[in-house]
Amino acid sequence: MSRIGKKPIEMPQGVKYTVRAQGDHSTVLVEGPKGKVEARLPQGIKLEQKDGQLLAVRENDSQAAVHGLARSLVFNAVHGVTKGWTKDLDIVGIGYRAELKGKNTVVFTLGFSHQIEFPLPEGITATIDPKQTHISVAGIDRQKVGQVAADMRSLRKPDPYKNKGVRYEGEKLKKKAGKTGAK
């Protein structure tokens, strides 16, 4: 059984939070040096601050299933407004590359007959290395950063036979053997 819900969240200097009740759930607005992030709290979970730490407390054991989830959502918001979240992607393949067009559009060349323009949502930034084969997606909302990285990866998923395509940094791929020629 996981006990992540009982683990306290460190509240760095300059980070504030406010809880608002909305029907059957409540929302937490976390403000910090990088911006504001909102997270949902399930019904029956409350936040208490003690000695510069934040604790997620449940009313009774019927909320045990969402206790760790609530704590993780608040932790992700606190980490996002202080340090931010990043997801790195590698582009593998001859002629495959990416480049920034303006500030909020990434243009991919992935072996298709056309280039793919990928508009970045508000609050997300992308940096591309000089070789144009490594992208870092950054932002303060962990869910949004992960979704943008997943959308970029889905433009050209890694091929199991040649391992070409867009992949997460450090992603392990199983390479399949191709057909063997018959005589």
# chains A, B, ... in the order shown; residues from 1 in each chain; ligands from 1
$ select_by_dssp --residues "range 24-54 of chain A" --states "strand (DSSP E)" --output "list in words"
His25, Ser26, Thr27, Val28, Leu29, Val30, Glu31, Gly32, Gly35, Lys36, Val37, Glu38, Ala39, Arg40, Leu41, Ile45, Lys46, Leu47, Glu48, Gln49, Lys50, Gln53 and Leu54 of chain A
$ write_last_selection --atoms "N, CA and C atoms" --output "PDB file, in the first residue's frame"
ATOM      1  N   HIS A  25     -16.097  19.087  -4.959  1.00  0.00           N
ATOM      2  CA  HIS A  25     -14.645  19.099  -4.837  1.00  0.00           C
ATOM      3  C   HIS A  25     -14.174  20.523  -4.552  1.00  0.00           C
ATOM      4  N   SER A  26     -12.896  20.678  -4.340  1.00  0.00           N
ATOM      5  CA  SER A  26     -12.326  22.009  -4.156  1.00  0.00           C
ATOM      6  C   SER A  26     -11.095  22.137  -5.047  1.00  0.00           C
ATOM      7  N   THR A  27     -10.689  23.368  -5.309  1.00  0.00           N
ATOM      8  CA  THR A  27      -9.505  23.603  -6.133  1.00  0.00           C
ATOM      9  C   THR A  27      -8.466  24.353  -5.312  1.00  0.00           C
ATOM     10  N   VAL A  28      -7.209  24.103  -5.628  1.00  0.00           N
ATOM     11  CA  VAL A  28      -6.090  24.764  -4.969  1.00  0.00           C
ATOM     12  C   VAL A  28      -5.384  25.608  -6.013  1.00  0.00           C
ATOM     13  N   LEU A  29      -5.208  26.878  -5.732  1.00  0.00           N
ATOM     14  CA  LEU A  29      -4.460  27.772  -6.612  1.00  0.00           C
ATOM     15  C   LEU A  29      -3.106  28.015  -5.962  1.00  0.00           C
ATOM     16  N   VAL A  30      -2.046  27.577  -6.604  1.00  0.00           N
ATOM     17  CA  VAL A  30      -0.688  27.731  -6.088  1.00  0.00           C
ATOM     18  C   VAL A  30      -0.002  28.818  -6.885  1.00  0.00           C
ATOM     19  N   GLU A  31       0.519  29.825  -6.173  1.00  0.00           N
ATOM     20  CA  GLU A  31       1.210  30.946  -6.815  1.00  0.00           C
ATOM     21  C   GLU A  31       2.664  30.947  -6.381  1.00  0.00           C
ATOM     22  N   GLY A  32       3.555  31.170  -7.346  1.00  0.00           N
ATOM     23  CA  GLY A  32       4.976  31.196  -7.045  1.00  0.00           C
ATOM     24  C   GLY A  32       5.717  32.108  -8.006  1.00  0.00           C
ATOM     25  N   GLY A  35       4.699  31.589 -11.806  1.00  0.00           N
ATOM     26  CA  GLY A  35       3.319  31.780 -12.242  1.00  0.00           C
ATOM     27  C   GLY A  35       2.322  31.122 -11.314  1.00  0.00           C
ATOM     28  N   LYS A  36       1.139  30.813 -11.866  1.00  0.00           N
ATOM     29  CA  LYS A  36       0.040  30.222 -11.095  1.00  0.00           C
ATOM     30  C   LYS A  36      -0.378  28.904 -11.731  1.00  0.00           C
ATOM     31  N   VAL A  37      -0.666  27.912 -10.872  1.00  0.00           N
ATOM     32  CA  VAL A  37      -1.163  26.621 -11.330  1.00  0.00           C
ATOM     33  C   VAL A  37      -2.340  26.234 -10.445  1.00  0.00           C
ATOM     34  N   GLU A  38      -3.379  25.690 -11.084  1.00  0.00           N
ATOM     35  CA  GLU A  38      -4.566  25.267 -10.353  1.00  0.00           C
ATOM     36  C   GLU A  38      -4.636  23.745 -10.358  1.00  0.00           C
ATOM     37  N   ALA A  39      -4.985  23.164  -9.198  1.00  0.00           N
ATOM     38  CA  ALA A  39      -5.122  21.708  -9.085  1.00  0.00           C
ATOM     39  C   ALA A  39      -6.425  21.393  -8.373  1.00  0.00           C
ATOM     40  N   ARG A  40      -7.061  20.277  -8.765  1.00  0.00           N
ATOM     41  CA  ARG A  40      -8.319  19.852  -8.129  1.00  0.00           C
ATOM     42  C   ARG A  40      -8.024  18.986  -6.920  1.00  0.00           C
ATOM     43  N   LEU A  41      -8.782  19.204  -5.858  1.00  0.00           N
ATOM     44  CA  LEU A  41      -8.710  18.351  -4.671  1.00  0.00           C
ATOM     45  C   LEU A  41      -9.998  17.550  -4.594  1.00  0.00           C
ATOM     46  N   ILE A  45     -10.604  15.683   1.210  1.00  0.00           N
ATOM     47  CA  ILE A  45      -9.176  15.920   1.399  1.00  0.00           C
ATOM     48  C   ILE A  45      -8.989  17.395   1.724  1.00  0.00           C
ATOM     49  N   LYS A  46      -8.252  17.672   2.793  1.00  0.00           N
ATOM     50  CA  LYS A  46      -7.988  19.048   3.211  1.00  0.00           C
ATOM     51  C   LYS A  46      -6.489  19.262   3.305  1.00  0.00           C
ATOM     52  N   LEU A  47      -6.062  20.511   3.175  1.00  0.00           N
ATOM     53  CA  LEU A  47      -4.641  20.855   3.271  1.00  0.00           C
ATOM     54  C   LEU A  47      -4.390  21.586   4.582  1.00  0.00           C
ATOM     55  N   GLU A  48      -3.328  21.194   5.278  1.00  0.00           N
ATOM     56  CA  GLU A  48      -2.931  21.852   6.513  1.00  0.00           C
ATOM     57  C   GLU A  48      -1.468  22.237   6.411  1.00  0.00           C
ATOM     58  N   GLN A  49      -1.126  23.450   6.888  1.00  0.00           N
ATOM     59  CA  GLN A  49       0.253  23.907   6.848  1.00  0.00           C
ATOM     60  C   GLN A  49       0.841  23.892   8.254  1.00  0.00           C
ATOM     61  N   LYS A  50       1.981  23.204   8.400  1.00  0.00           N
ATOM     62  CA  LYS A  50       2.685  23.120   9.679  1.00  0.00           C
ATOM     63  C   LYS A  50       4.170  23.247   9.441  1.00  0.00           C
ATOM     64  N   GLN A  53       5.612  23.275   5.992  1.00  0.00           N
ATOM     65  CA  GLN A  53       5.294  22.109   5.177  1.00  0.00           C
ATOM     66  C   GLN A  53       3.784  22.007   5.012  1.00  0.00           C
ATOM     67  N   LEU A  54       3.376  21.428   3.906  1.00  0.00           N
ATOM     68  CA  LEU A  54       1.963  21.275   3.602  1.00  0.00           C
ATOM     69  C   LEU A  54       1.605  19.797   3.691  1.00  0.00           C
TER      70      LEU A  54
END
$ select_by_dssp --residues "chain A" --states "helix (DSSP H, G or I)" --output "PyMOL selection string"
chain A and resi 4-6+61-82+142-153
$ write_last_selection --atoms "N, CA, C and O atoms" --output "tab-separated table (two decimals), in the first residue's frame"
chain	number	residue	atom	x	y	z
A	4	ILE	N	2.18	7.64	0.04
A	4	ILE	CA	2.62	8.92	-0.51
A	4	ILE	C	1.76	10.07	0.02
A	4	ILE	O	2.24	11.18	0.14
A	5	GLY	N	0.50	9.80	0.36
A	5	GLY	CA	-0.39	10.85	0.85
A	5	GLY	C	0.04	11.42	2.18
A	5	GLY	O	-0.28	12.57	2.50
A	6	LYS	N	0.77	10.65	2.97
A	6	LYS	CA	1.21	11.11	4.29
A	6	LYS	C	2.52	11.87	4.24
A	6	LYS	O	2.94	12.46	5.23
A	61	ASP	N	-11.21	6.92	6.13
A	61	ASP	CA	-10.53	5.97	5.25
A	61	ASP	C	-11.23	5.75	3.92
A	61	ASP	O	-10.68	5.08	3.05
A	62	SER	N	-12.41	6.29	3.73
A	62	SER	CA	-13.08	6.13	2.44
A	62	SER	C	-12.38	6.96	1.36
A	62	SER	O	-12.57	6.72	0.17
A	63	GLN	N	-11.57	7.95	1.75
A	63	GLN	CA	-10.82	8.75	0.78
A	63	GLN	C	-9.40	8.22	0.58
A	63	GLN	O	-8.57	8.89	-0.03
A	64	ALA	N	-9.09	7.03	1.08
A	64	ALA	CA	-7.73	6.49	0.98
A	64	ALA	C	-7.29	6.35	-0.47
A	64	ALA	O	-6.11	6.53	-0.78
A	65	ALA	N	-8.22	6.04	-1.36
A	65	ALA	CA	-7.87	5.81	-2.77
A	65	ALA	C	-7.40	7.09	-3.46
A	65	ALA	O	-6.61	7.03	-4.40
A	66	VAL	N	-7.86	8.25	-3.02
A	66	VAL	CA	-7.50	9.50	-3.68
A	66	VAL	C	-6.57	10.36	-2.84
A	66	VAL	O	-6.20	11.46	-3.25
A	67	HIS	N	-6.15	9.86	-1.67
A	67	HIS	CA	-5.29	10.63	-0.78
A	67	HIS	C	-3.93	10.92	-1.43
A	67	HIS	O	-3.47	12.05	-1.47
A	68	GLY	N	-3.29	9.88	-1.95
A	68	GLY	CA	-1.99	10.05	-2.61
A	68	GLY	C	-2.11	10.86	-3.89
A	68	GLY	O	-1.21	11.65	-4.20
A	69	LEU	N	-3.21	10.70	-4.61
A	69	LEU	CA	-3.43	11.48	-5.82
A	69	LEU	C	-3.50	12.96	-5.50
A	69	LEU	O	-2.86	13.79	-6.16
A	70	ALA	N	-4.26	13.31	-4.47
A	70	ALA	CA	-4.41	14.72	-4.08
A	70	ALA	C	-3.07	15.32	-3.69
A	70	ALA	O	-2.72	16.44	-4.09
A	71	ARG	N	-2.28	14.56	-2.92
A	71	ARG	CA	-0.97	15.05	-2.50
A	71	ARG	C	-0.06	15.25	-3.71
A	71	ARG	O	0.65	16.23	-3.82
A	72	SER	N	-0.09	14.31	-4.66
A	72	SER	CA	0.76	14.41	-5.85
A	72	SER	C	0.38	15.60	-6.72
A	72	SER	O	1.25	16.28	-7.26
A	73	LEU	N	-0.92	15.87	-6.86
A	73	LEU	CA	-1.36	17.01	-7.67
A	73	LEU	C	-0.89	18.33	-7.07
A	73	LEU	O	-0.43	19.22	-7.78
A	74	VAL	N	-0.98	18.45	-5.74
A	74	VAL	CA	-0.52	19.68	-5.08
A	74	VAL	C	0.99	19.79	-5.17
A	74	VAL	O	1.54	20.87	-5.43
A	75	PHE	N	1.71	18.68	-4.99
A	75	PHE	CA	3.17	18.70	-5.10
A	75	PHE	C	3.60	19.12	-6.50
A	75	PHE	O	4.53	19.91	-6.67
A	76	ASN	N	2.93	18.58	-7.53
A	76	ASN	CA	3.27	18.94	-8.91
A	76	ASN	C	3.06	20.43	-9.16
A	76	ASN	O	3.84	21.06	-9.88
A	77	ALA	N	2.02	21.01	-8.57
A	77	ALA	CA	1.77	22.44	-8.73
A	77	ALA	C	2.85	23.25	-8.03
A	77	ALA	O	3.36	24.23	-8.58
A	78	VAL	N	3.22	22.85	-6.81
A	78	VAL	CA	4.25	23.58	-6.05
A	78	VAL	C	5.60	23.50	-6.77
A	78	VAL	O	6.30	24.51	-6.92
A	79	HIS	N	5.96	22.31	-7.26
A	79	HIS	CA	7.22	22.14	-7.98
A	79	HIS	C	7.20	22.93	-9.28
A	79	HIS	O	8.22	23.50	-9.69
A	80	GLY	N	6.06	22.98	-9.95
A	80	GLY	CA	5.95	23.70	-11.22
A	80	GLY	C	6.15	25.19	-11.08
A	80	GLY	O	6.81	25.81	-11.91
A	81	VAL	N	5.59	25.80	-10.03
A	81	VAL	CA	5.71	27.26	-9.87
A	81	VAL	C	7.06	27.66	-9.30
A	81	VAL	O	7.41	28.85	-9.32
A	82	THR	N	7.86	26.71	-8.79
A	82	THR	CA	9.19	27.06	-8.29
A	82	THR	C	10.28	26.68	-9.30
A	82	THR	O	11.06	27.53	-9.70
A	142	ARG	N	2.61	20.32	-15.18
A	142	ARG	CA	3.18	19.03	-15.54
A	142	ARG	C	2.32	18.28	-16.55
A	142	ARG	O	2.84	17.65	-17.49
A	143	GLN	N	1.01	18.33	-16.39
A	143	GLN	CA	0.13	17.61	-17.30
A	143	GLN	C	0.24	18.17	-18.71
A	143	GLN	O	0.31	17.42	-19.69
A	144	LYS	N	0.29	19.49	-18.82
A	144	LYS	CA	0.36	20.13	-20.14
A	144	LYS	C	1.70	19.84	-20.83
A	144	LYS	O	1.75	19.58	-22.03
A	145	VAL	N	2.79	19.87	-20.06
A	145	VAL	CA	4.12	19.58	-20.61
A	145	VAL	C	4.16	18.14	-21.14
A	145	VAL	O	4.62	17.89	-22.26
A	146	GLY	N	3.65	17.20	-20.37
A	146	GLY	CA	3.64	15.80	-20.79
A	146	GLY	C	2.76	15.57	-22.01
A	146	GLY	O	3.10	14.78	-22.89
A	147	GLN	N	1.62	16.28	-22.08
A	147	GLN	CA	0.71	16.11	-23.21
A	147	GLN	C	1.33	16.66	-24.49
A	147	GLN	O	1.22	16.04	-25.56
A	148	VAL	N	2.00	17.82	-24.41
A	148	VAL	CA	2.64	18.40	-25.60
A	148	VAL	C	3.76	17.48	-26.08
A	148	VAL	O	3.91	17.23	-27.29
A	149	ALA	N	4.56	16.94	-25.15
A	149	ALA	CA	5.64	16.02	-25.53
A	149	ALA	C	5.06	14.76	-26.18
A	149	ALA	O	5.61	14.26	-27.17
A	150	ALA	N	3.96	14.24	-25.65
A	150	ALA	CA	3.34	13.05	-26.22
A	150	ALA	C	2.78	13.34	-27.61
A	150	ALA	O	2.86	12.50	-28.52
A	151	ASP	N	2.22	14.54	-27.80
A	151	ASP	CA	1.70	14.91	-29.12
A	151	ASP	C	2.84	15.03	-30.14
A	151	ASP	O	2.69	14.64	-31.30
A	152	MET	N	3.99	15.59	-29.70
A	152	MET	CA	5.14	15.70	-30.60
A	152	MET	C	5.65	14.30	-30.97
A	152	MET	O	6.00	14.04	-32.12
A	153	ARG	N	5.69	13.40	-30.00
A	153	ARG	CA	6.16	12.04	-30.25
A	153	ARG	C	5.23	11.31	-31.22
A	153	ARG	O	5.67	10.54	-32.06
$ residues_around --residues "Asp129 in chain A" --least-positions-apart "4" --cutoff "10 Å" --atoms "only C-alpha atoms" --output "PyMOL selection string"
chain A and resi 98-99+133-136
$ closest_residue --among "A:Glu10, A:Asp24, A:Val15, A:Arg97" --to "Leu55 in chain A" --atoms "only C-alpha atoms"
A:Glu10
$ atom_distance --atom1 "CA of Val137 in chain A" --atom2 "CA of Pro160 in chain A"
24.5 Å
$ residues_around --residues "Gly95 in chain A" --least-positions-apart "6" --cutoff "8 Å" --atoms "only C-alpha atoms" --output "list in words"
Thr109, Leu110 and Gly111 of chain A
$ write_last_selection --atoms "N, CA and C atoms" --output "tab-separated table (two decimals), in the first residue's frame"
chain	number	residue	atom	x	y	z
A	109	THR	N	10.64	18.22	-39.67
A	109	THR	CA	10.90	17.54	-40.94
A	109	THR	C	11.13	16.09	-40.58
A	110	LEU	N	10.14	15.23	-40.87
A	110	LEU	CA	10.18	13.85	-40.38
A	110	LEU	C	10.03	12.81	-41.50
A	111	GLY	N	10.51	13.14	-42.69
A	111	GLY	CA	10.49	12.17	-43.77
A	111	GLY	C	9.19	12.12	-44.55
$ residues_around --residues "Glu169 in chain A" --least-positions-apart "2" --cutoff "7 Å" --atoms "only C-alpha atoms" --output "compact mmCIF listing (two decimals) with all heavy atoms, in the first residue's frame"
# COMPACT_ATOMS: atom_id res chain seq x y z
N ASP A 88 12.24 15.92 -22.33
CA ASP A 88 13.18 15.96 -23.45
C ASP A 88 12.83 14.90 -24.49
O ASP A 88 12.47 13.77 -24.15
CB ASP A 88 14.61 15.72 -22.94
CG ASP A 88 15.09 16.84 -22.03
OD1 ASP A 88 14.70 17.99 -22.27
OD2 ASP A 88 15.85 16.56 -21.08
N LEU A 89 12.96 15.29 -25.76
CA LEU A 89 12.69 14.39 -26.88
C LEU A 89 13.90 14.34 -27.80
O LEU A 89 14.58 15.35 -27.99
CB LEU A 89 11.49 14.90 -27.69
CG LEU A 89 10.15 14.97 -26.99
CD1 LEU A 89 9.19 15.85 -27.77
CD2 LEU A 89 9.56 13.59 -26.86
N ASP A 90 14.17 13.17 -28.35
CA ASP A 90 15.24 13.01 -29.33
C ASP A 90 14.61 12.66 -30.67
O ASP A 90 13.65 11.89 -30.74
CB ASP A 90 16.19 11.88 -28.93
CG ASP A 90 17.06 12.26 -27.74
OD1 ASP A 90 17.42 13.44 -27.64
OD2 ASP A 90 17.36 11.37 -26.92
N ARG A 167 11.38 10.18 -30.11
CA ARG A 167 11.28 9.39 -28.87
C ARG A 167 11.67 10.24 -27.67
O ARG A 167 12.31 11.27 -27.81
CB ARG A 167 12.17 8.16 -28.95
CG ARG A 167 13.65 8.50 -29.02
CD ARG A 167 14.51 7.29 -28.98
NE ARG A 167 14.58 6.68 -30.29
CZ ARG A 167 15.55 5.88 -30.69
NH1 ARG A 167 16.53 5.58 -29.88
NH2 ARG A 167 15.55 5.37 -31.90
N GLU A 171 14.44 6.65 -23.63
CA GLU A 171 13.44 5.61 -23.90
C GLU A 171 14.11 4.39 -24.51
O GLU A 171 14.87 4.50 -25.47
CB GLU A 171 12.37 6.16 -24.85
CG GLU A 171 11.27 5.20 -25.17
CD GLU A 171 10.22 5.78 -26.11
OE1 GLU A 171 10.37 6.92 -26.58
OE2 GLU A 171 9.23 5.08 -26.36
$ closest_residue --among "A:Pro119, A:Asn104, A:Gly52, A:Gln43" --to "Gln13 in chain A" --atoms "only C-alpha atoms"
A:Gly52
$ decode --residues "range 80-93 of chain A" --atoms "all heavy atoms" --output "PDB file, in the first residue's frame"
ATOM      1  N   GLY A  80       6.056  22.980  -9.954  1.00  0.00           N
ATOM      2  CA  GLY A  80       5.947  23.697 -11.221  1.00  0.00           C
ATOM      3  C   GLY A  80       6.149  25.193 -11.081  1.00  0.00           C
ATOM      4  O   GLY A  80       6.805  25.812 -11.907  1.00  0.00           O
ATOM      5  N   VAL A  81       5.588  25.801 -10.026  1.00  0.00           N
ATOM      6  CA  VAL A  81       5.710  27.256  -9.872  1.00  0.00           C
ATOM      7  C   VAL A  81       7.063  27.658  -9.303  1.00  0.00           C
ATOM      8  O   VAL A  81       7.410  28.848  -9.325  1.00  0.00           O
ATOM      9  CB  VAL A  81       4.572  27.863  -9.017  1.00  0.00           C
ATOM     10  CG1 VAL A  81       3.239  27.653  -9.675  1.00  0.00           C
ATOM     11  CG2 VAL A  81       4.599  27.333  -7.604  1.00  0.00           C
ATOM     12  N   THR A  82       7.856  26.711  -8.792  1.00  0.00           N
ATOM     13  CA  THR A  82       9.190  27.056  -8.290  1.00  0.00           C
ATOM     14  C   THR A  82      10.279  26.684  -9.305  1.00  0.00           C
ATOM     15  O   THR A  82      11.055  27.534  -9.702  1.00  0.00           O
ATOM     16  CB  THR A  82       9.476  26.350  -6.949  1.00  0.00           C
ATOM     17  OG1 THR A  82       9.247  24.957  -7.089  1.00  0.00           O
ATOM     18  CG2 THR A  82       8.605  26.909  -5.854  1.00  0.00           C
ATOM     19  N   LYS A  83      10.330  25.419  -9.731  1.00  0.00           N
ATOM     20  CA  LYS A  83      11.393  24.964 -10.634  1.00  0.00           C
ATOM     21  C   LYS A  83      10.914  24.745 -12.057  1.00  0.00           C
ATOM     22  O   LYS A  83      11.682  24.868 -13.001  1.00  0.00           O
ATOM     23  CB  LYS A  83      11.999  23.661 -10.110  1.00  0.00           C
ATOM     24  CG  LYS A  83      12.653  23.821  -8.755  1.00  0.00           C
ATOM     25  CD  LYS A  83      13.130  22.497  -8.226  1.00  0.00           C
ATOM     26  CE  LYS A  83      13.651  22.646  -6.808  1.00  0.00           C
ATOM     27  NZ  LYS A  83      13.693  21.395  -6.098  1.00  0.00           N
ATOM     28  N   GLY A  84       9.660  24.382 -12.235  1.00  0.00           N
ATOM     29  CA  GLY A  84       9.131  24.090 -13.559  1.00  0.00           C
ATOM     30  C   GLY A  84       9.354  22.632 -13.936  1.00  0.00           C
ATOM     31  O   GLY A  84      10.092  21.904 -13.271  1.00  0.00           O
ATOM     32  N   TRP A  85       8.699  22.199 -15.001  1.00  0.00           N
ATOM     33  CA  TRP A  85       8.789  20.819 -15.490  1.00  0.00           C
ATOM     34  C   TRP A  85       9.365  20.823 -16.891  1.00  0.00           C
ATOM     35  O   TRP A  85       9.076  21.718 -17.689  1.00  0.00           O
ATOM     36  CB  TRP A  85       7.414  20.161 -15.513  1.00  0.00           C
ATOM     37  CG  TRP A  85       6.838  19.953 -14.163  1.00  0.00           C
ATOM     38  CD1 TRP A  85       5.892  20.715 -13.547  1.00  0.00           C
ATOM     39  CD2 TRP A  85       7.186  18.933 -13.225  1.00  0.00           C
ATOM     40  NE1 TRP A  85       5.627  20.223 -12.294  1.00  0.00           N
ATOM     41  CE2 TRP A  85       6.403  19.126 -12.066  1.00  0.00           C
ATOM     42  CE3 TRP A  85       8.073  17.873 -13.249  1.00  0.00           C
ATOM     43  CZ2 TRP A  85       6.488  18.302 -10.957  1.00  0.00           C
ATOM     44  CZ3 TRP A  85       8.148  17.043 -12.151  1.00  0.00           C
ATOM     45  CH2 TRP A  85       7.363  17.260 -11.019  1.00  0.00           C
ATOM     46  N   THR A  86      10.180  19.825 -17.215  1.00  0.00           N
ATOM     47  CA  THR A  86      10.714  19.688 -18.572  1.00  0.00           C
ATOM     48  C   THR A  86      10.576  18.240 -19.031  1.00  0.00           C
ATOM     49  O   THR A  86      10.588  17.320 -18.214  1.00  0.00           O
ATOM     50  CB  THR A  86      12.210  20.081 -18.656  1.00  0.00           C
ATOM     51  OG1 THR A  86      12.956  19.235 -17.792  1.00  0.00           O
ATOM     52  CG2 THR A  86      12.435  21.528 -18.324  1.00  0.00           C
ATOM     53  N   LYS A  87      10.452  18.079 -20.325  1.00  0.00           N
ATOM     54  CA  LYS A  87      10.411  16.755 -20.941  1.00  0.00           C
ATOM     55  C   LYS A  87      11.296  16.851 -22.182  1.00  0.00           C
ATOM     56  O   LYS A  87      11.138  17.764 -23.006  1.00  0.00           O
ATOM     57  CB  LYS A  87       8.962  16.436 -21.331  1.00  0.00           C
ATOM     58  CG  LYS A  87       8.697  15.001 -21.562  1.00  0.00           C
ATOM     59  CD  LYS A  87       8.416  14.294 -20.261  1.00  0.00           C
ATOM     60  CE  LYS A  87       7.828  12.936 -20.572  1.00  0.00           C
ATOM     61  NZ  LYS A  87       7.975  12.019 -19.475  1.00  0.00           N
ATOM     62  N   ASP A  88      12.238  15.922 -22.331  1.00  0.00           N
ATOM     63  CA  ASP A  88      13.182  15.960 -23.446  1.00  0.00           C
ATOM     64  C   ASP A  88      12.829  14.905 -24.485  1.00  0.00           C
ATOM     65  O   ASP A  88      12.465  13.774 -24.147  1.00  0.00           O
ATOM     66  CB  ASP A  88      14.608  15.715 -22.941  1.00  0.00           C
ATOM     67  CG  ASP A  88      15.091  16.836 -22.027  1.00  0.00           C
ATOM     68  OD1 ASP A  88      14.702  17.985 -22.275  1.00  0.00           O
ATOM     69  OD2 ASP A  88      15.847  16.561 -21.080  1.00  0.00           O
ATOM     70  N   LEU A  89      12.962  15.285 -25.757  1.00  0.00           N
ATOM     71  CA  LEU A  89      12.686  14.391 -26.882  1.00  0.00           C
ATOM     72  C   LEU A  89      13.904  14.338 -27.798  1.00  0.00           C
ATOM     73  O   LEU A  89      14.585  15.353 -27.993  1.00  0.00           O
ATOM     74  CB  LEU A  89      11.490  14.904 -27.689  1.00  0.00           C
ATOM     75  CG  LEU A  89      10.145  14.968 -26.992  1.00  0.00           C
ATOM     76  CD1 LEU A  89       9.191  15.851 -27.774  1.00  0.00           C
ATOM     77  CD2 LEU A  89       9.558  13.587 -26.863  1.00  0.00           C
ATOM     78  N   ASP A  90      14.170  13.173 -28.346  1.00  0.00           N
ATOM     79  CA  ASP A  90      15.237  13.007 -29.332  1.00  0.00           C
ATOM     80  C   ASP A  90      14.609  12.658 -30.675  1.00  0.00           C
ATOM     81  O   ASP A  90      13.647  11.892 -30.736  1.00  0.00           O
ATOM     82  CB  ASP A  90      16.186  11.875 -28.928  1.00  0.00           C
ATOM     83  CG  ASP A  90      17.058  12.255 -27.741  1.00  0.00           C
ATOM     84  OD1 ASP A  90      17.423  13.436 -27.636  1.00  0.00           O
ATOM     85  OD2 ASP A  90      17.364  11.367 -26.919  1.00  0.00           O
ATOM     86  N   ILE A  91      15.177  13.216 -31.746  1.00  0.00           N
ATOM     87  CA  ILE A  91      14.717  12.918 -33.103  1.00  0.00           C
ATOM     88  C   ILE A  91      15.812  12.100 -33.769  1.00  0.00           C
ATOM     89  O   ILE A  91      16.950  12.554 -33.896  1.00  0.00           O
ATOM     90  CB  ILE A  91      14.433  14.214 -33.894  1.00  0.00           C
ATOM     91  CG1 ILE A  91      13.385  15.044 -33.165  1.00  0.00           C
ATOM     92  CG2 ILE A  91      13.982  13.888 -35.303  1.00  0.00           C
ATOM     93  CD1 ILE A  91      13.183  16.413 -33.758  1.00  0.00           C
ATOM     94  N   VAL A  92      15.473  10.864 -34.171  1.00  0.00           N
ATOM     95  CA  VAL A  92      16.459   9.951 -34.747  1.00  0.00           C
ATOM     96  C   VAL A  92      16.038   9.610 -36.173  1.00  0.00           C
ATOM     97  O   VAL A  92      14.900   9.225 -36.409  1.00  0.00           O
ATOM     98  CB  VAL A  92      16.556   8.659 -33.896  1.00  0.00           C
ATOM     99  CG1 VAL A  92      17.545   7.690 -34.507  1.00  0.00           C
ATOM    100  CG2 VAL A  92      16.936   8.994 -32.474  1.00  0.00           C
ATOM    101  N   GLY A  93      16.956   9.770 -37.104  1.00  0.00           N
ATOM    102  CA  GLY A  93      16.695   9.435 -38.501  1.00  0.00           C
ATOM    103  C   GLY A  93      17.429  10.394 -39.412  1.00  0.00           C
ATOM    104  O   GLY A  93      17.599  11.566 -39.081  1.00  0.00           O
TER     105      GLY A  93
END
